[in-house]
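Source file: protein04.csv. Holds: CSV, C-alpha atoms.
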chain,number,residue,atom,x,y,z
O,18,MET,CA,118.4,80.0,33.5
O,19,ALA,CA,118.4,83.7,34.1
O,20,LEU,CA,115.8,83.1,36.7
O,21,ASP,CA,118.0,80.6,38.5
O,22,MET,CA,120.8,83.1,38.6
O,23,ARG,CA,118.6,85.8,39.9
O,24,ALA,CA,117.3,83.5,42.6
O,25,GLY,CA,120.8,82.6,43.5
O,26,VAL,CA,122.0,86.2,43.7
O,27,GLY,CA,118.9,87.1,45.7
O,28,ALA,CA,119.4,84.2,48.1
O,29,ALA,CA,123.1,85.3,48.6
O,30,MET,CA,122.1,88.8,49.3
O,31,LEU,CA,119.4,87.8,51.7
O,32,LEU,CA,122.0,85.7,53.6
O,33,ALA,CA,124.3,88.7,53.7
O,34,ALA,CA,121.4,90.8,55.1
O,35,ALA,CA,120.6,88.2,57.7
O,36,GLY,CA,124.3,88.3,58.6
O,37,CYS,CA,124.2,92.0,59.2
O,38,VAL,CA,121.2,91.7,61.4
O,39,THR,CA,122.8,88.8,63.3
O,40,ILE,CA,125.9,90.8,64.1
O,41,ASN,CA,123.7,93.3,65.8
O,42,ILE,CA,122.5,90.9,68.5
O,43,TYR,CA,126.0,90.6,69.9
O,44,PHE,CA,126.7,92.7,73.0
O,45,PRO,CA,128.7,95.8,72.1
O,46,ALA,CA,131.3,95.4,74.8
O,47,ALA,CA,133.4,98.5,73.8
O,48,ALA,CA,130.4,100.7,73.7
O,49,ALA,CA,129.2,99.4,77.1
O,50,GLU,CA,132.6,100.1,78.7
O,51,LYS,CA,132.4,103.7,77.3
O,52,ALA,CA,128.9,104.1,78.7
O,53,ALA,CA,129.9,102.6,82.0
O,54,ASP,CA,132.9,105.0,82.3
O,55,ARG,CA,130.7,108.0,81.5
O,56,ILE,CA,128.2,107.1,84.2
O,57,ILE,CA,131.0,106.2,86.7
O,58,GLU,CA,132.7,109.6,86.1
O,59,GLU,CA,129.4,111.3,86.7
O,60,VAL,CA,128.3,109.4,89.8
O,61,TRP,CA,131.8,109.5,91.4
O,62,GLN,CA,132.4,113.0,90.1
O,63,LEU,CA,135.8,112.2,88.5
O,64,ARG,CA,135.2,114.6,85.6
O,65,GLU,CA,137.7,117.3,86.7
O,66,GLY,CA,140.5,114.7,86.6
O,67,GLN,CA,140.8,114.8,90.4
O,68,ARG,CA,140.1,111.5,92.0
O,69,ALA,CA,139.1,112.9,95.4
O,70,PRO,CA,135.3,113.1,95.8
O,71,ALA,CA,134.0,116.6,95.0
O,72,GLU,CA,132.9,118.9,97.8
O,73,PRO,CA,129.5,117.8,99.1
O,74,GLY,CA,126.6,120.0,98.3
O,75,ALA,CA,128.4,122.1,95.7
O,76,GLY,CA,128.5,119.3,93.2
O,77,THR,CA,127.1,119.5,89.7
O,78,ALA,CA,123.4,119.6,89.2
O,79,PRO,CA,122.0,116.0,89.2
O,80,GLY,CA,122.4,114.5,85.8
O,81,ALA,CA,123.2,117.7,83.9
O,82,PRO,CA,123.5,116.3,80.4
O,83,ALA,CA,124.9,119.5,79.0
O,84,ALA,CA,128.2,119.0,80.7
O,85,GLU,CA,128.6,115.5,79.2
O,86,GLY,CA,130.2,116.5,76.0
O,87,ALA,CA,133.4,117.6,77.6
O,88,LYS,CA,135.1,114.3,78.5
O,89,PRO,CA,138.8,114.5,79.6
T,23,MET,CA,118.2,94.9,32.1
T,24,ARG,CA,115.4,93.6,34.3
T,25,SER,CA,117.8,91.5,36.3
T,26,PHE,CA,119.8,94.6,37.0
T,27,ARG,CA,116.7,96.4,38.4
T,28,TRP,CA,116.1,93.4,40.6
T,29,VAL,CA,119.6,93.5,42.0
T,30,GLY,CA,119.2,97.2,42.5
T,31,MET,CA,116.1,96.5,44.6
T,32,VAL,CA,117.9,94.0,46.7
T,33,LEU,CA,120.7,96.5,47.3
T,34,MET,CA,118.2,99.0,48.4
T,35,VAL,CA,116.7,96.6,50.9
T,36,LEU,CA,120.3,95.9,52.2
T,37,ALA,CA,120.9,99.6,52.5
T,38,ALA,CA,117.7,100.0,54.4
T,39,LEU,CA,118.9,97.4,56.9
T,40,LEU,CA,122.2,99.2,57.6
T,41,PRO,CA,120.9,101.8,60.0
T,42,ILE,CA,119.5,98.9,62.2
T,43,ALA,CA,123.0,97.5,62.6
T,44,ALA,CA,124.8,100.8,63.0
T,45,PRO,CA,123.9,101.8,66.6
T,46,ALA,CA,125.5,98.7,68.0
T,47,GLN,CA,128.9,99.9,66.8
T,48,GLY,CA,128.8,103.4,68.3
T,49,ASN,CA,127.5,104.4,71.7
T,50,LEU,CA,124.9,102.9,74.0
T,51,ASP,CA,122.0,105.1,74.8
T,52,ILE,CA,122.3,106.2,78.5
T,53,ASP,CA,120.1,109.2,78.3
T,54,SER,CA,116.6,107.8,78.7
T,55,PRO,CA,114.5,109.5,81.4
T,56,ALA,CA,114.8,106.5,83.7
T,57,ILE,CA,118.6,106.2,83.3
T,58,THR,CA,119.0,110.0,83.9
T,59,ALA,CA,117.0,109.8,87.1
T,60,LEU,CA,119.0,106.8,88.3
T,61,ARG,CA,122.3,108.6,87.6
T,62,ALA,CA,121.2,111.6,89.5
T,63,SER,CA,120.0,109.5,92.4
T,64,MET,CA,123.3,107.6,92.6
T,65,GLN,CA,125.4,110.7,92.3
T,66,GLN,CA,123.5,112.3,95.3
T,67,ARG,CA,124.0,109.2,97.4
T,68,HIS,CA,127.7,109.0,96.6
T,69,ALA,CA,128.3,111.9,99.0
T,70,GLN,CA,127.2,109.5,101.8
T,71,LEU,CA,128.8,106.4,100.4
T,72,ALA,CA,132.3,107.8,99.7
T,73,PRO,CA,133.4,108.0,103.4
T,74,LEU,CA,132.1,104.4,103.9
T,75,TYR,CA,134.2,103.2,100.9
T,76,ALA,CA,137.3,105.1,102.3
T,77,ALA,CA,136.8,103.6,105.7
T,78,GLY,CA,136.4,100.1,104.3
T,79,ALA,CA,132.9,99.6,105.8
T,80,VAL,CA,131.5,99.2,102.3
T,81,GLY,CA,133.2,97.8,99.3
T,82,LEU,CA,132.6,97.3,95.6
T,83,ALA,CA,131.4,93.7,95.0
T,84,GLY,CA,132.3,91.6,92.0
T,85,ASP,CA,128.8,91.5,90.7
T,86,GLY,CA,128.3,95.2,90.1
T,87,THR,CA,126.7,96.0,93.5
T,88,VAL,CA,128.1,97.4,96.7
T,89,ALA,CA,128.3,95.3,99.9
T,90,ILE,CA,129.0,95.8,103.6
T,91,ARG,CA,132.5,94.6,104.1
T,92,ASP,CA,133.3,95.4,107.7
T,93,ALA,CA,130.7,97.2,109.8
T,94,SER,CA,132.8,97.1,113.0
T,95,GLY,CA,134.0,100.6,112.4
T,96,VAL,CA,130.5,102.0,112.0
T,97,PRO,CA,128.9,103.1,115.3
T,98,LEU,CA,126.0,100.8,116.2
T,99,ALA,CA,123.5,103.6,115.9
T,100,GLN,CA,124.4,104.2,112.3
T,101,ARG,CA,124.5,100.7,111.1
T,102,ALA,CA,120.8,100.6,110.1
T,103,GLN,CA,121.4,103.8,108.1
T,104,VAL,CA,124.4,102.2,106.3
T,105,ASN,CA,122.3,99.1,105.5
T,106,GLY,CA,119.7,101.3,104.0
T,107,LEU,CA,122.2,103.2,101.9
T,108,VAL,CA,123.7,100.0,100.6
T,109,ALA,CA,120.2,98.6,99.8
T,110,ALA,CA,119.1,101.8,98.0
T,111,GLU,CA,122.4,101.9,96.0
T,112,ASN,CA,122.0,98.3,94.9
T,113,ALA,CA,118.4,98.9,93.9
T,114,ASP,CA,119.5,101.8,91.7
T,115,ARG,CA,122.4,99.9,90.3
T,116,VAL,CA,120.3,96.9,89.3
T,117,ALA,CA,117.7,99.2,87.8
T,118,LEU,CA,120.4,101.0,85.9
T,119,TYR,CA,121.7,97.9,84.3
T,120,ARG,CA,118.2,96.8,83.4
T,121,GLU,CA,117.3,100.2,82.0
T,122,ILE,CA,120.5,100.5,79.9
T,123,ALA,CA,119.7,97.1,78.3
T,124,ARG,CA,116.1,98.1,77.7
T,125,ALA,CA,116.8,101.6,76.4
T,126,ASN,CA,119.0,100.0,73.7
T,127,GLY,CA,116.4,97.5,72.7
T,128,HIS,CA,118.0,94.4,74.1
T,129,PRO,CA,116.7,93.5,77.6
T,130,GLU,CA,118.7,90.3,77.3
T,131,TRP,CA,121.9,92.4,77.6
T,132,GLU,CA,121.2,93.2,81.3
T,133,ALA,CA,123.7,90.6,82.6
T,134,ASP,CA,126.4,91.8,80.1
T,135,VAL,CA,125.8,95.4,81.1
T,136,ARG,CA,126.1,94.4,84.8
T,137,ARG,CA,129.3,92.5,84.2
T,138,THR,CA,130.8,95.4,82.3
T,139,PHE,CA,129.9,97.9,85.1
T,140,ALA,CA,131.2,95.5,87.7
T,141,GLN,CA,134.6,95.6,86.0
T,142,ARG,CA,134.6,99.3,85.5
T,143,TRP,CA,133.5,100.2,89.1
T,144,ILE,CA,136.4,98.1,90.4
T,145,GLU,CA,138.9,99.3,87.9
T,146,ARG,CA,138.1,103.0,88.6
T,147,ALA,CA,137.8,102.7,92.4
T,148,GLN,CA,140.0,105.0,94.4
T,149,ALA,CA,143.1,103.9,96.2
T,150,GLY,CA,142.2,102.7,99.6
T,151,TRP,CA,138.8,101.4,98.7
T,152,TRP,CA,137.9,97.8,99.0
T,153,VAL,CA,137.0,95.8,96.0
T,154,GLN,CA,136.1,92.1,95.4
T,155,ALA,CA,138.4,90.1,93.3
T,156,GLY,CA,137.6,86.4,92.8
T,157,GLY,CA,135.3,86.5,95.8
T,158,ASN,CA,137.9,88.0,98.2
T,159,TRP,CA,138.1,91.5,99.4
T,160,VAL,CA,141.2,93.4,98.3
T,161,ARG,CA,142.3,96.9,99.2
T,162,LYS,CA,143.2,99.0,96.2

Please render this file's structure as structure tokens.
Amino acid sequence: MALDMRAGVGAAMLLAAAGCVTINIYFPAAAAEKAADRIIEEVWQLREGQRAPAEPGAGTAPGAPAAEGAKP
Amino acid sequence: MRSFRWVGMVLMVLAALLPIAAPAQGNLDIDSPAITALRASMQQRHAQLAPLYAAGAVGLAGDGTVAIRDASGVPLAQRAQVNGLVAAENADRVALYREIARANGHPEWEADVRRTFAQRWIERAQAGWWVQAGGNWVRK
């Protein structure tokens, strides 16, 4: 009897674990939007809040990851 | 008593699984060497593409790429160069979408990443640029 219960609890927990893993395969849309915005701001140089393209040549160093923390 | 220990073990297994699920809730990794190189390459190219967006010669397509919209304003001698720019930009963009999906352990996300970027490029395009909406070119 105790063994049956243990098996039942175990099965339920394994199901829950499988559920956790299953959730993970869904595409994280919000995170992807955030990532897209970060890259778009960098490529189009929108970081300073000005929408006009930055002066050519004097732009930020290509892909400087240090400057990424400061998001407007 | 023994059954409690058993439950404890199962809980430990569950706890061990949590970190696997966690990254999907936070940020996507966009800092792999391949992605960093693509970002730099696209940023450099943007200096040449920006005037073409503003002139309406090149627009932002609905599929996350850029496309020639109206080359009539581009001098004949420069059209090959514009074609080359568009081709190079699109190669980088497609590679970027693939690399983001791959860097996050889900190559099958490539199409979703691309769709997300397509929306965001268009959403954040500057006033006066041309973007594709439902297959038609629209001026923002």

> Nearest to O:Ala49 among T:Tyr75, T:Trp152, T:Trp159, T:Trp131, with distances taken over all atoms listed in the file: which residue is it?
Replying inline: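 Of T:Tyr75, T:Trp152, T:Trp159, T:Trp131, the one nearest O:Ala49 is T:Trp131, counting all atoms listed in the file.
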
> If you measure from atom CA of T:Gly78 to atom CA of T:Asn105, what distance in Å do you get, rounded to one decimal?
Replying inline: 14.2 Å

> Restricting the calculation to all atoms listed in the file, which member of T:Leu74, T:Ala83, T:Met64, T:Val29 is positioned closest to T:Gln154?
Replying inline: T:Ala83

> List as a list in words: which residues have an atom within 8 Å of (127.5, 111.8, 93.3), counting all atoms listed in the file?
Replying inline: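 Residues with an atom at most 8 Å from (127.5, 111.8, 93.3): Glu59, Val60, Trp61, Gln62 and Gly76 of chain O; Ala62, Ser63, Met64, Gln65, Gln66, Arg67, His68 and Ala69 of chain T.
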
>> So that I can see what lies close to T:Ala117, please list as a list in words the residues with an atom at most 9 Å from it, counting all atoms listed in the file and leaving out residues fewer than 6 positions away in the same chain.
In response: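 Skipping anything fewer than 6 positions along the chain leaves Ala56, Ile57 and Leu60 of chain T.
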
> Do you know which residues lie at most 12 Å from (121.9, 105.1, 86.6), with coordinates as in the file and all atoms listed in the file counted, and could you write them as a PyMOL selection string?
Replying inline: (chain O and resi 52-61+79-80) or (chain T and resi 51-67+111-123+125+135-136+139)

> Between atom CA of T:Asn49 and atom CA of T:Asp134, what is the spacing in Å?
Replying inline: 15.2 Å

>> Give me, as a PyMOL selection string, all polymer residues having an atom no more than 7 Å from T:Arg137, counting all atoms listed in the file and skipping those fewer than 4 positions away in the same chain.
In response: chain T and resi 85-86+133+141

> So how far away is atom CA of T:Thr138 from atom CA of T:Thr87, in Å?
Replying inline: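 Computed distance, atom CA of T:Thr87 to atom CA of T:Thr138, equals 11.9 Å.
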
>> Ranking T:Asn158, T:Gln70, T:Gln100, T:Ser94 by minimum distance to chain O and counting only C-alpha atoms, which one comes first?
In response: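 Selected residue with least distance to chain O: T:Gln70.
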
>> Could you check the closest approach to chain T for each of O:Ala29, O:Ala48, O:Arg64, O:Met22 and tell me which residue wins, using only C-alpha atoms?
In response: O:Ala48
